[in-house]
Each structure stands twice: as C-alpha cells, then as structure tokens.
file target_26.tsv (TSV, C-alpha atoms)
chain	number	residue	atom	x	y	z
A	1444	MET	CA	2.95	23.22	5.01
A	1445	ALA	CA	3.76	19.53	4.69
A	1446	THR	CA	7.41	18.55	4.94
A	1447	ILE	CA	6.97	16.06	2.08
A	1448	ASP	CA	4.24	16.78	-0.49
A	1449	VAL	CA	3.69	14.40	-3.40
A	1450	ASP	CA	0.85	15.13	-5.83
A	1451	GLY	CA	0.11	12.91	-8.85
A	1452	LEU	CA	3.68	11.62	-9.15
A	1453	GLY	CA	4.37	9.61	-12.29
A	1454	LYS	CA	7.63	8.10	-13.55
A	1455	SER	CA	8.14	5.89	-16.60
A	1456	TYR	CA	11.06	4.12	-18.23
A	1457	GLY	CA	10.18	3.89	-21.89
A	1458	ASP	CA	6.80	2.18	-22.12
A	1459	PHE	CA	7.00	0.89	-18.54
A	1460	GLU	CA	5.21	2.98	-15.94
A	1461	ALA	CA	7.14	2.46	-12.69
A	1462	VAL	CA	5.05	4.93	-10.68
A	1463	GLY	CA	1.64	6.26	-11.62
A	1464	ASP	CA	-0.52	8.94	-9.96
A	1465	VAL	CA	0.95	8.63	-6.45
A	1466	SER	CA	-0.07	11.27	-3.89
A	1467	PHE	CA	0.67	11.61	-0.19
A	1468	THR	CA	1.87	14.14	2.37
A	1469	VAL	CA	4.10	13.76	5.44
A	1470	GLY	CA	4.20	16.22	8.32
A	1471	GLN	CA	7.10	17.40	10.45
A	1472	GLY	CA	8.34	14.82	12.96
A	1473	GLU	CA	6.28	12.06	11.37
A	1474	VAL	CA	7.53	8.56	10.57
A	1475	PHE	CA	5.94	7.51	7.27
A	1476	ALA	CA	6.23	3.96	5.89
A	1477	LEU	CA	6.34	3.39	2.13
A	1478	LEU	CA	5.58	-0.31	1.68
A	1479	GLY	CA	5.03	-2.85	-1.07
A	1480	ARG	CA	6.33	-5.98	-2.71
A	1481	ASN	CA	9.51	-6.03	-4.78
A	1482	GLY	CA	8.94	-4.06	-7.97
A	1483	ALA	CA	6.04	-2.08	-6.51
A	1484	GLY	CA	7.69	1.28	-7.26
A	1485	LYS	CA	9.04	2.17	-3.82
A	1486	THR	CA	12.67	2.67	-4.85
A	1487	THR	CA	11.74	4.83	-7.84
A	1488	THR	CA	9.53	6.96	-5.60
A	1489	VAL	CA	12.35	7.46	-3.08
A	1490	GLU	CA	14.81	8.29	-5.88
A	1491	VAL	CA	12.47	11.01	-7.15
A	1492	LEU	CA	11.93	12.40	-3.65
A	1493	ALA	CA	15.70	12.46	-3.03
A	1494	GLY	CA	16.33	14.29	-6.31
A	1495	PHE	CA	18.17	11.43	-8.03
A	1496	ARG	CA	15.56	11.24	-10.81
A	1497	PRO	CA	13.13	13.87	-12.16
A	1498	ALA	CA	9.40	13.22	-12.07
A	1499	ASP	CA	7.72	12.80	-15.46
A	1500	ARG	CA	4.32	13.88	-14.16
A	1501	GLY	CA	2.94	15.56	-11.06
A	1502	THR	CA	4.76	17.61	-8.46
A	1503	VAL	CA	7.06	16.74	-5.57
A	1504	ARG	CA	8.13	19.15	-2.85
A	1505	ILE	CA	10.53	18.52	0.02
A	1506	LEU	CA	10.52	21.31	2.62
A	1507	GLY	CA	8.68	23.37	0.00
A	1508	LEU	CA	11.49	22.90	-2.56
A	1509	ASP	CA	11.83	21.03	-5.85
A	1510	PRO	CA	14.15	18.04	-5.16
A	1511	VAL	CA	15.73	18.36	-8.63
A	1512	GLY	CA	15.79	22.10	-9.26
A	1513	ASP	CA	16.70	22.94	-5.64
A	1514	ARG	CA	18.81	19.87	-4.98
A	1515	ALA	CA	21.79	21.73	-3.49
A	1516	ARG	CA	19.59	23.51	-0.95
A	1517	ILE	CA	17.68	20.33	-0.09
A	1518	ARG	CA	20.79	18.19	0.35
A	1519	ARG	CA	21.95	20.45	3.20
A	1520	ARG	CA	18.74	19.63	5.08
A	1521	THR	CA	18.20	15.95	4.22
A	1522	GLY	CA	19.89	12.66	4.96
A	1523	ILE	CA	19.57	9.40	3.07
A	1524	MET	CA	20.40	5.80	3.88
A	1525	LEU	CA	20.31	3.70	0.71
A	1526	GLN	CA	20.08	-0.10	0.58
A	1527	GLU	CA	23.73	-0.26	-0.47
A	1528	ALA	CA	26.44	2.29	0.23
A	1529	GLY	CA	30.00	2.41	-1.07
A	1530	PHE	CA	32.70	2.38	1.60
A	1531	PHE	CA	36.47	2.26	1.37
A	1532	PRO	CA	37.09	-1.12	3.02
A	1533	ASP	CA	40.55	-0.32	4.39
A	1534	LEU	CA	39.51	2.85	6.20
A	1535	THR	CA	38.57	2.59	9.84
A	1536	VAL	CA	35.10	3.53	11.04
A	1537	ALA	CA	36.51	6.76	12.49
A	1538	GLN	CA	38.32	7.64	9.26
A	1539	THR	CA	35.14	6.98	7.26
A	1540	VAL	CA	33.09	9.34	9.40
A	1541	ASP	CA	35.82	11.99	9.40
A	1542	ALA	CA	36.03	11.84	5.59
A	1543	TRP	CA	32.26	12.22	5.29
A	1544	ARG	CA	32.18	15.11	7.76
A	1545	GLY	CA	34.27	17.06	5.28
A	1546	PHE	CA	31.31	17.12	2.90
A	1547	VAL	CA	28.80	18.35	5.50
A	1548	ALA	CA	28.26	21.85	6.83
A	1549	ALA	CA	28.21	21.98	10.66
A	1550	PRO	CA	28.33	18.18	11.08
A	1551	ARG	CA	27.78	16.31	14.32
A	1552	PRO	CA	30.98	15.44	16.19
A	1553	ARG	CA	32.30	12.05	15.10
A	1554	ASP	CA	31.87	10.43	18.50
A	1555	GLU	CA	28.29	11.68	18.79
A	1556	ALA	CA	27.34	10.18	15.40
A	1557	LEU	CA	28.98	6.84	16.23
A	1558	GLU	CA	27.35	6.62	19.66
A	1559	LEU	CA	23.98	7.42	18.12
A	1560	ALA	CA	24.42	4.52	15.68
A	1561	GLY	CA	25.75	2.15	18.32
A	1562	LEU	CA	29.27	2.02	16.91
A	1563	GLY	CA	31.18	3.74	19.70
A	1564	ALA	CA	33.26	0.61	20.34
A	1565	LYS	CA	34.16	0.19	16.64
A	1566	THR	CA	36.09	3.44	16.11
A	1567	ASP	CA	39.36	1.77	15.10
A	1568	THR	CA	37.81	-1.19	13.24
A	1569	ARG	CA	38.35	-1.30	9.49
A	1570	VAL	CA	35.16	-1.22	7.45
A	1571	ARG	CA	35.93	-4.58	5.80
A	1572	GLN	CA	35.88	-6.18	9.26
A	1573	LEU	CA	32.37	-4.98	10.06
A	1574	SER	CA	29.40	-7.31	9.86
A	1575	GLY	CA	26.57	-6.52	7.47
A	1576	GLY	CA	24.47	-5.10	10.30
A	1577	GLU	CA	27.36	-2.95	11.53
A	1578	LYS	CA	27.79	-1.51	8.04
A	1579	ARG	CA	24.11	-0.56	8.07
A	1580	ARG	CA	24.67	1.24	11.36
A	1581	LEU	CA	27.63	3.08	9.80
A	1582	ASP	CA	25.28	4.08	6.97
A	1583	LEU	CA	22.94	5.50	9.58
A	1584	ALA	CA	25.73	7.45	11.29
A	1585	LEU	CA	26.63	9.09	7.96
A	1586	ALA	CA	22.98	9.81	7.11
A	1587	VAL	CA	22.44	11.83	10.29
A	1588	LEU	CA	25.75	13.74	10.34
A	1589	ASN	CA	24.09	16.95	9.15
A	1590	ARG	CA	21.18	16.73	11.64
A	1591	PRO	CA	18.69	16.43	8.76
A	1592	ASP	CA	15.18	17.88	8.77
A	1593	VAL	CA	14.14	15.02	6.46
A	1594	LEU	CA	15.63	11.53	6.59
A	1595	PHE	CA	15.09	8.83	3.94
A	1596	LEU	CA	15.69	5.30	5.25
A	1597	ASP	CA	15.66	2.51	2.65
A	1598	GLU	CA	15.61	-0.89	4.41
A	1599	PRO	CA	17.62	0.51	7.35
A	1600	THR	CA	17.84	-2.59	9.56
A	1601	THR	CA	18.66	-5.27	6.97
A	1602	GLY	CA	21.31	-7.62	8.36
A	1603	MET	CA	21.04	-6.37	11.93
A	1604	ASP	CA	20.64	-8.74	14.87
A	1605	PRO	CA	17.48	-8.30	17.00
A	1606	GLU	CA	19.17	-6.13	19.63
A	1607	ALA	CA	20.72	-3.79	17.06
A	1608	ARG	CA	17.40	-3.59	15.20
A	1609	ARG	CA	15.54	-2.52	18.33
A	1610	ASN	CA	18.26	-0.02	19.21
A	1611	THR	CA	17.93	1.44	15.71
A	1612	TRP	CA	14.17	1.66	16.16
A	1613	GLN	CA	14.76	3.77	19.26
A	1614	VAL	CA	17.15	6.05	17.35
A	1615	ILE	CA	14.44	6.55	14.71
A	1616	ARG	CA	11.85	7.35	17.39
A	1617	ASP	CA	14.23	9.79	19.07
A	1618	LEU	CA	14.97	11.59	15.79
A	1619	ALA	CA	11.27	11.90	15.03
A	1620	GLY	CA	10.69	13.19	18.56
A	1621	GLN	CA	13.24	15.92	17.85
A	1622	GLY	CA	11.28	17.00	14.75
A	1623	THR	CA	12.97	15.04	11.96
A	1624	THR	CA	10.57	13.83	9.28
A	1625	ILE	CA	11.37	10.23	8.34
A	1626	LEU	CA	10.31	8.28	5.26
A	1627	LEU	CA	10.94	4.58	5.78
A	1628	THR	CA	10.86	1.64	3.39
A	1629	THR	CA	11.15	-1.84	4.87
A	1630	HIS	CA	10.19	-5.45	4.27
A	1631	TYR	CA	9.98	-6.01	8.04
A	1632	LEU	CA	6.28	-5.37	8.56
A	1633	GLU	CA	6.63	-5.41	12.35
A	1634	GLU	CA	9.20	-2.63	11.99
A	1635	ALA	CA	6.82	-0.46	9.98
A	1636	GLN	CA	3.94	-1.15	12.35
A	1637	ARG	CA	6.01	-0.24	15.42
A	1638	LEU	CA	7.57	2.92	14.00
A	1639	ALA	CA	5.22	4.56	11.50
A	1640	SER	CA	2.19	6.66	12.33
A	1641	THR	CA	1.09	6.78	8.67
A	1642	MET	CA	1.80	4.61	5.64
A	1643	VAL	CA	0.95	3.72	2.06
A	1644	ILE	CA	1.20	0.35	0.36
A	1645	MET	CA	2.17	0.38	-3.32
A	1646	ASP	CA	1.55	-2.24	-5.98
A	1647	ARG	CA	2.48	-1.94	-9.66
A	1648	GLY	CA	3.42	1.71	-9.13
A	1649	ARG	CA	0.17	2.76	-7.51
A	1650	ILE	CA	-1.12	3.18	-3.98
A	1651	VAL	CA	-3.52	0.38	-3.04
A	1652	ALA	CA	-3.94	1.20	0.66
A	1653	GLY	CA	-2.94	4.00	2.96
A	1654	GLY	CA	-3.73	6.22	5.90
A	1655	GLY	CA	-3.02	6.40	9.60
A	1656	MET	CA	-1.44	3.17	10.80
A	1657	ALA	CA	-3.72	2.65	13.78
A	1658	GLU	CA	-6.89	3.62	11.93
A	1659	THR	CA	-6.06	1.49	8.89
A	1660	LEU	CA	-5.37	-1.62	10.96
A	1661	ALA	CA	-8.40	-1.04	13.19
A	1662	ALA	CA	-10.57	-1.28	10.06
A	1663	GLN	CA	-9.15	-4.73	9.24
A	1664	ALA	CA	-10.38	-8.06	10.58
A	1665	GLY	CA	-8.63	-9.44	13.65
A	1666	ARG	CA	-7.65	-13.06	14.24
A	1667	VAL	CA	-8.57	-15.81	16.67
A	1668	ALA	CA	-6.66	-19.09	16.31
A	1669	PHE	CA	-6.62	-22.30	18.34
A	1670	GLU	CA	-6.01	-26.03	18.05
A	1671	LEU	CA	-9.17	-27.67	16.77
A	1672	PRO	CA	-10.14	-30.48	19.20
A	1673	ALA	CA	-10.20	-33.94	17.63
A	1674	GLU	CA	-13.90	-34.41	18.34
A	1675	VAL	CA	-14.90	-30.99	16.91
A	1676	SER	CA	-15.37	-30.00	13.29
A	1677	PRO	CA	-15.28	-26.38	12.09
A	1678	GLU	CA	-19.02	-26.52	11.41
A	1679	ASP	CA	-19.68	-27.20	15.12
A	1680	LEU	CA	-18.16	-23.90	16.26
A	1681	PRO	CA	-20.22	-20.79	17.09
A	1682	VAL	CA	-17.80	-18.60	15.10
A	1683	GLN	CA	-17.11	-19.04	11.40
A	1684	VAL	CA	-13.72	-20.61	10.66
A	1685	THR	CA	-12.05	-18.93	7.69
A	1686	ALA	CA	-9.08	-21.33	7.39
A	1687	VAL	CA	-7.68	-24.54	8.87
A	1688	GLU	CA	-3.90	-24.99	8.82
A	1689	GLY	CA	-3.09	-28.51	10.00
A	1690	ARG	CA	-5.14	-28.74	13.21
A	1691	THR	CA	-5.16	-24.95	13.76
A	1692	ALA	CA	-8.50	-23.24	13.19
A	1693	ILE	CA	-8.28	-19.58	12.18
A	1694	CYS	CA	-11.18	-17.15	12.47
A	1695	ARG	CA	-10.88	-13.69	10.87
A	1696	VAL	CA	-13.40	-11.47	12.65
A	1697	GLU	CA	-14.07	-7.76	13.20
A	1698	ASP	CA	-14.08	-8.14	17.01
A	1699	PRO	CA	-11.57	-10.85	18.03
A	1700	ASP	CA	-12.13	-10.33	21.77
A	1701	LEU	CA	-15.87	-10.96	21.44
A	1702	ALA	CA	-15.23	-13.99	19.21
A	1703	ALA	CA	-12.83	-15.43	21.79
A	1704	GLN	CA	-15.36	-14.94	24.59
A	1705	THR	CA	-18.03	-16.66	22.49
A	1706	LEU	CA	-15.72	-19.60	21.76
A	1707	LEU	CA	-14.66	-19.98	25.39
A	1708	GLY	CA	-18.27	-19.88	26.58
A	1709	TRP	CA	-19.23	-22.50	24.00
A	1710	ALA	CA	-16.25	-24.69	24.97
A	1711	GLY	CA	-16.99	-24.37	28.70
A	1712	GLU	CA	-20.57	-25.54	28.23
A	1713	ARG	CA	-19.33	-28.66	26.45
A	1714	GLY	CA	-16.27	-29.38	28.55
A	1715	VAL	CA	-14.00	-28.80	25.55
A	1716	ARG	CA	-10.54	-27.27	25.90
A	1717	LEU	CA	-9.29	-24.89	23.22
A	1718	ARG	CA	-5.52	-25.28	23.34
A	1719	GLY	CA	-3.13	-22.65	22.04
A	1720	LEU	CA	-5.78	-19.93	21.91
A	1721	GLU	CA	-4.39	-16.80	20.26
A	1722	VAL	CA	-6.31	-13.53	20.05
A	1723	ARG	CA	-4.95	-10.47	18.27
A	1724	THR	CA	-6.04	-7.43	16.34
A	1725	ALA	CA	-5.12	-7.01	12.68
A	1726	THR	CA	-1.47	-6.59	11.72
A	1727	LEU	CA	0.24	-5.23	8.63
A	1728	GLU	CA	0.89	-8.84	7.60
A	1729	ASP	CA	-2.87	-9.48	7.61
A	1730	LEU	CA	-3.42	-6.39	5.47
A	1731	PHE	CA	-0.72	-7.47	3.02
A	1732	LEU	CA	-2.26	-10.93	2.70
A	1733	ASP	CA	-5.71	-9.43	2.13
A	1734	LEU	CA	-4.33	-7.15	-0.59
A	1735	ALA	CA	-2.50	-10.08	-2.20
A	1736	GLU	CA	-5.81	-11.90	-2.53
A	1737	VAL	CA	-7.26	-8.83	-4.26
A	1738	THR	CA	-4.39	-7.95	-6.59
A	1739	GLY	CA	-3.05	-11.46	-7.21
A	1740	PRO	CA	0.59	-12.55	-7.63
A	1741	ALA	CA	3.07	-9.86	-8.67
A	1742	GLY	CA	0.29	-7.31	-8.81
A	1743	THR	CA	-1.89	-9.01	-11.43
A	1744	ALA	CA	-5.55	-8.27	-10.96
A	1745	SER	CA	-7.62	-10.95	-9.28
A	1746	GLY	CA	-11.37	-11.04	-9.68
A	1747	GLY	CA	-11.51	-7.55	-11.17
A	1748	THR	CA	-11.40	-5.83	-7.75
A	1749	THR	CA	-8.96	-3.11	-6.80
A	1750	VAL	CA	-8.41	-1.60	-3.38
A	1751	ARG	CA	-7.27	2.00	-3.78
A	1752	THR	CA	-6.78	4.64	-1.07
A	1753	SER	CA	-4.63	7.37	-2.57
A	1754	ALA	CA	-6.39	10.57	-1.60
A	1755	LYS	CA	-3.90	12.92	0.05
A	1756	SER	CA	-6.37	13.87	2.75
A	1757	GLU	CA	-6.48	10.25	3.91
A	1758	VAL	CA	-2.70	9.94	4.10
A	1759	ALA	CA	-1.87	13.38	5.47

call {"tool": "encode", "arguments": {"input": "target_26.tsv", "output": "structure tokens"}}
result
Amino acid sequence: MATIDVDGLGKSYGDFEAVGDVSFTVGQGEVFALLGRNGAGKTTTVEVLAGFRPADRGTVRILGLDPVGDRARIRRRTGIMLQEAGFFPDLTVAQTVDAWRGFVAAPRPRDEALELAGLGAKTDTRVRQLSGGEKRRLDLALAVLNRPDVLFLDEPTTGMDPEARRNTWQVIRDLAGQGTTILLTTHYLEEAQRLASTMVIMDRGRIVAGGGMAETLAAQAGRVAFELPAEVSPEDLPVQVTAVEGRTAICRVEDPDLAAQTLLGWAGERGVRLRGLEVRTATLEDLFLDLAEVTGPAGTASGGTTVRTSAKSEVA
C-alpha cells in the first residue's frame, strides 16, 4: 500500500479550478517533489493532503486514511512545515519547543529535536532574535517532534545560508533513510534534484510532467556550451547550435558527451580552441524551461501542445 495515494484529485474555488485530475502515489521512505510555478496548484494540493481542505473530486489517502475524516488519527503520524509559521517572539527557542511538545504524544526530547535541526546552540535565544533561516530550522524541529511517518515540507530551506541548507538536506535524507515518507515543495530546483527520487511538475492545477527523477531527466536533452571563437560561426560547427548567448554557443543534444568529443575532434583538426567548454546532462532547470516553451507564460497554452504525464503507474 502506498503511503500517499492521490487519485483524480480536484479542488475548485467557485468557478476557478485550482487543481484538476491530479494523481500520484508515494511509497514509504521516499522523497517526492511537488514542483511548479507560483499559482500552479501546489499549495492547494498540500492543504488537501494535510487535511486542511476537503477534496471536491477524487480520493486522497494518507497511510490508508482519509485526511479529513480521519484527521485526528493522521495528525499523530504526520508532521508539516508550512511556508510561514506563527511563533511567540518573546519565547526562547527552548520554551517554544517545550510548549509544542505538550501537544504531541511521545515527543522527541527537546535537545534531540534542536540538535537535529541545527539549533543546539540557540536554546536560550528568543525567537524574535533568530534569522529567517534559523526560524525555518525551528519550524523543522517542531515538524519532526512526533517522529512522523509522513512529513510535508513546504519550501523548507527558504532563507537559509548555503551551509544550513545542505545540513537540512542531510536531515531530510536521514529521515527518509529511517522510513519517513517526505513530500517536498521547493523553488530551489537543485534541492529537488538532489533530494527527490520521484517528482511531478504542476501547471494550472494539472500535472504536466512526472516520474522517477533520474529516468525523467535522462530522457531530456543534455547541454554542451562553450565560447564561440571569433573566426567561427555557428554554421561552421559539426553539432547544431540551438542558442547563442553573447559569445556562448549552446547545443542541446541527447548525448552531450558524444557531442563534446565531436566538437573537440573538429577543433583539434583546425587548431581552434574551445574555451569554457561545459558538458552536462539535463537538469530540472532544463526541463522547466522546455515546459515553459510548451505551456507559455503563466501556464497559457503555446502552439497547441501539451506535455502531460499524470498516470499513477509512471509516478509510483
């Protein structure tokens, strides 16, 4: 049985359909990324999964339970980290955790939760004195107090410095390794690519791409980029140039390693140096840009083409 099972989810506000026909499953110990531009329907989806809003259509099950009808039972086994949390600014970090522990059955010890979130040195600091990133880490400490089976993380590393962000990534990996199922939303595409094994991308309330992270990216074109020599035009090259940004030639190709070898062989024969050569496989950013070309700005259709991968078997 899937830990999270969403089948044909729909949610509307009046005449506006915020989410339409969304389906995916998430297994135990899996990190699943729910991605999309602002207004794509991610927050509404998370709110339905967390039991804050009822679904209008379709079914949603968390740990086999209805998140609205069985909310009390689910809340004991789930944790949630929202984009914004309400703290009492004059309480210390320790007092905040102690107060929250009173609402949780069999909570983690305070010091354990704070060490996990990287706040062990901030025990006596008042919440109003914390930086934005430190407040996010306090959010995380509260979200994992009950050792949740399912953890919802909505933009968890916003405001964190690079070191804190990477430490939080390791916490997420460790929790997943211990069997916690994690649903993650983030605008940091590198974060999603590093953490998630599966993902969906939403646009205008619908899934437009999804599947295993590695398999999905492997199916996308890679990139070879280099500084175009002054005496060379794009038409002279043995590989098709898809874009030129300033003096940088960009080639989007299925096999970037082969394309790079072809370019270097061609350059060696002519005594030409390709400066700044960059070779990489496809990233989530590339996929997002490709989808933007298909769907157009703010989700408006472009050219009448739609990319849609919403079958549950492909996302499971």

call {"tool": "axis_aligned_box", "arguments": {"input": "target_26.tsv", "around": "stretch 1635-1646 of chain A", "padding_each_side": "3 Å", "output": "JSON"}}
result
{"center_x": 4.3, "center_y": 2.3, "center_z": 4.7, "size_x": 12.6, "size_y": 15.0, "size_z": 27.4}

call {"tool": "closest_atom_pairs", "arguments": {"input": "target_26.tsv", "of": "stretch 1528-1591 of chain A", "to": "stretch 1609-1626 of chain A", "cutoff": "9 Å", "atoms": "all atoms listed in the file", "output": "JSON lines"}}
result
{"residue": "A:Leu1559", "atom": "CA", "partner": "A:Val1614", "partner_atom": "CA", "distance": 7.0}
{"residue": "A:Ala1560", "atom": "CA", "partner": "A:Thr1611", "partner_atom": "CA", "distance": 7.2}
{"residue": "A:Gly1561", "atom": "CA", "partner": "A:Asn1610", "partner_atom": "CA", "distance": 7.8}
{"residue": "A:Arg1580", "atom": "CA", "partner": "A:Thr1611", "partner_atom": "CA", "distance": 8.0}
{"residue": "A:Leu1583", "atom": "CA", "partner": "A:Thr1611", "partner_atom": "CA", "distance": 8.9}
{"residue": "A:Arg1590", "atom": "CA", "partner": "A:Thr1623", "partner_atom": "CA", "distance": 8.4}
{"residue": "A:Pro1591", "atom": "CA", "partner": "A:Thr1623", "partner_atom": "CA", "distance": 6.7}

call {"tool": "residues_around", "arguments": {"input": "target_26.tsv", "residues": "stretch 1668-1682 of chain A", "least_positions_apart": "3", "cutoff": "6 Å", "atoms": "all atoms listed in the file", "output": "JSON list (two decimals) with C-alpha atoms, in the frame of the given file"}}
result
[["chain", "number", "residue", "atom", "x", "y", "z"],
["A", 1690, "ARG", "CA", -5.14, -28.74, 13.21],
["A", 1691, "THR", "CA", -5.16, -24.95, 13.76],
["A", 1692, "ALA", "CA", -8.50, -23.24, 13.19],
["A", 1693, "ILE", "CA", -8.28, -19.58, 12.18],
["A", 1718, "ARG", "CA", -5.52, -25.28, 23.34],
["A", 1719, "GLY", "CA", -3.13, -22.65, 22.04],
["A", 1720, "LEU", "CA", -5.78, -19.93, 21.91],
["A", 1721, "GLU", "CA", -4.39, -16.80, 20.26]]

call {"tool": "residues_around", "arguments": {"input": "target_26.tsv", "residues": "A:Thr1641", "least_positions_apart": "4", "cutoff": "12 Å", "atoms": "all atoms listed in the file", "output": "number ranges by chain"}}
result
A: 1467-1470, 1472-1478, 1624-1627, 1635-1637, 1652-1660, 1755-1759

call {"tool": "write_last_selection", "arguments": {"input": "target_26.tsv", "atoms": "C-alpha atoms", "output": "PDB file, in the frame of the given file"}}
result
ATOM      1  CA  PHE A1467       0.670  11.610  -0.190  1.00  0.00           C
ATOM      2  CA  THR A1468       1.870  14.140   2.370  1.00  0.00           C
ATOM      3  CA  VAL A1469       4.100  13.760   5.440  1.00  0.00           C
ATOM      4  CA  GLY A1470       4.200  16.220   8.320  1.00  0.00           C
ATOM      5  CA  GLY A1472       8.340  14.820  12.960  1.00  0.00           C
ATOM      6  CA  GLU A1473       6.280  12.060  11.370  1.00  0.00           C
ATOM      7  CA  VAL A1474       7.530   8.560  10.570  1.00  0.00           C
ATOM      8  CA  PHE A1475       5.940   7.510   7.270  1.00  0.00           C
ATOM      9  CA  ALA A1476       6.230   3.960   5.890  1.00  0.00           C
ATOM     10  CA  LEU A1477       6.340   3.390   2.130  1.00  0.00           C
ATOM     11  CA  LEU A1478       5.580  -0.310   1.680  1.00  0.00           C
ATOM     12  CA  THR A1624      10.570  13.830   9.280  1.00  0.00           C
ATOM     13  CA  ILE A1625      11.370  10.230   8.340  1.00  0.00           C
ATOM     14  CA  LEU A1626      10.310   8.280   5.260  1.00  0.00           C
ATOM     15  CA  LEU A1627      10.940   4.580   5.780  1.00  0.00           C
ATOM     16  CA  ALA A1635       6.820  -0.460   9.980  1.00  0.00           C
ATOM     17  CA  GLN A1636       3.940  -1.150  12.350  1.00  0.00           C
ATOM     18  CA  ARG A1637       6.010  -0.240  15.420  1.00  0.00           C
ATOM     19  CA  ALA A1652      -3.940   1.200   0.660  1.00  0.00           C
ATOM     20  CA  GLY A1653      -2.940   4.000   2.960  1.00  0.00           C
ATOM     21  CA  GLY A1654      -3.730   6.220   5.900  1.00  0.00           C
ATOM     22  CA  GLY A1655      -3.020   6.400   9.600  1.00  0.00           C
ATOM     23  CA  MET A1656      -1.440   3.170  10.800  1.00  0.00           C
ATOM     24  CA  ALA A1657      -3.720   2.650  13.780  1.00  0.00           C
ATOM     25  CA  GLU A1658      -6.890   3.620  11.930  1.00  0.00           C
ATOM     26  CA  THR A1659      -6.060   1.490   8.890  1.00  0.00           C
ATOM     27  CA  LEU A1660      -5.370  -1.620  10.960  1.00  0.00           C
ATOM     28  CA  LYS A1755      -3.900  12.920   0.050  1.00  0.00           C
ATOM     29  CA  SER A1756      -6.370  13.870   2.750  1.00  0.00           C
ATOM     30  CA  GLU A1757      -6.480  10.250   3.910  1.00  0.00           C
ATOM     31  CA  VAL A1758      -2.700   9.940   4.100  1.00  0.00           C
ATOM     32  CA  ALA A1759      -1.870  13.380   5.470  1.00  0.00           C
TER      33      ALA A1759
END

call {"tool": "residues_around", "arguments": {"input": "target_26.tsv", "residues": "A:Lys1485", "least_positions_apart": "2", "cutoff": "12 Å", "atoms": "only C-alpha atoms", "output": "PyMOL selection string"}}
result
chain A and resi 1454+1461-1463+1465+1476-1483+1487-1492+1595-1598+1626-1630+1643-1650

call {"tool": "closest_residue", "arguments": {"input": "target_26.tsv", "among": "A:Asp1554, A:Glu1606, A:Glu1688, A:Asp1448", "to": "A:Asp1541", "atoms": "all atoms listed in the file"}}
result
A:Asp1554

call {"tool": "residues_near_point", "arguments": {"input": "target_26.tsv", "point": "(1.7, 15.2, -9.5)", "cutoff": "6 Å", "atoms": "all atoms listed in the file", "output": "PDB file with C-alpha atoms, keeping the file's coordinate frame"}}
result
ATOM      1  CA  ASP A1450       0.850  15.130  -5.830  1.00  0.00           C
ATOM      2  CA  GLY A1451       0.110  12.910  -8.850  1.00  0.00           C
ATOM      3  CA  LEU A1452       3.680  11.620  -9.150  1.00  0.00           C
ATOM      4  CA  ARG A1500       4.320  13.880 -14.160  1.00  0.00           C
ATOM      5  CA  GLY A1501       2.940  15.560 -11.060  1.00  0.00           C
ATOM      6  CA  THR A1502       4.760  17.610  -8.460  1.00  0.00           C
TER       7      THR A1502
END

call {"tool": "atom_distance", "arguments": {"input": "target_26.tsv", "atom1": "atom CA of A:Thr1685", "atom2": "atom CA of A:Glu1697"}}
result
12.6 Å

call {"tool": "atom_distance", "arguments": {"input": "target_26.tsv", "atom1": "atom CA of A:Thr1521", "atom2": "atom CA of A:Ser1466"}}
result
20.5 Å

call {"tool": "atom_distance", "arguments": {"input": "target_26.tsv", "atom1": "atom CA of A:Phe1731", "atom2": "atom CA of A:Tyr1631"}}
result
11.9 Å

call {"tool": "residues_around", "arguments": {"input": "target_26.tsv", "residues": "stretch 1544-1552 of chain A", "least_positions_apart": "4", "cutoff": "8 Å", "atoms": "all atoms listed in the file", "output": "MDAnalysis selection string"}}
result
chainID A and resid 1519 1540 1556 1588:1590

call {"tool": "closest_residue", "arguments": {"input": "target_26.tsv", "among": "A:Arg1504, A:Arg1608, A:Arg1579, A:Arg1496", "to": "A:Ala1445", "atoms": "all atoms listed in the file"}}
result
A:Arg1504

call {"tool": "residues_around", "arguments": {"input": "target_26.tsv", "residues": "A:Asp1582", "least_positions_apart": "2", "cutoff": "10 Å", "atoms": "only C-alpha atoms", "output": "PyMOL selection string"}}
result
chain A and resi 1523-1530+1540+1560+1576-1580+1584-1587+1596+1599

call {"tool": "closest_residue", "arguments": {"input": "target_26.tsv", "among": "A:Val1722, A:Leu1732, A:Val1536, A:Met1603", "to": "A:Arg1571", "atoms": "all atoms listed in the file"}}
result
A:Val1536
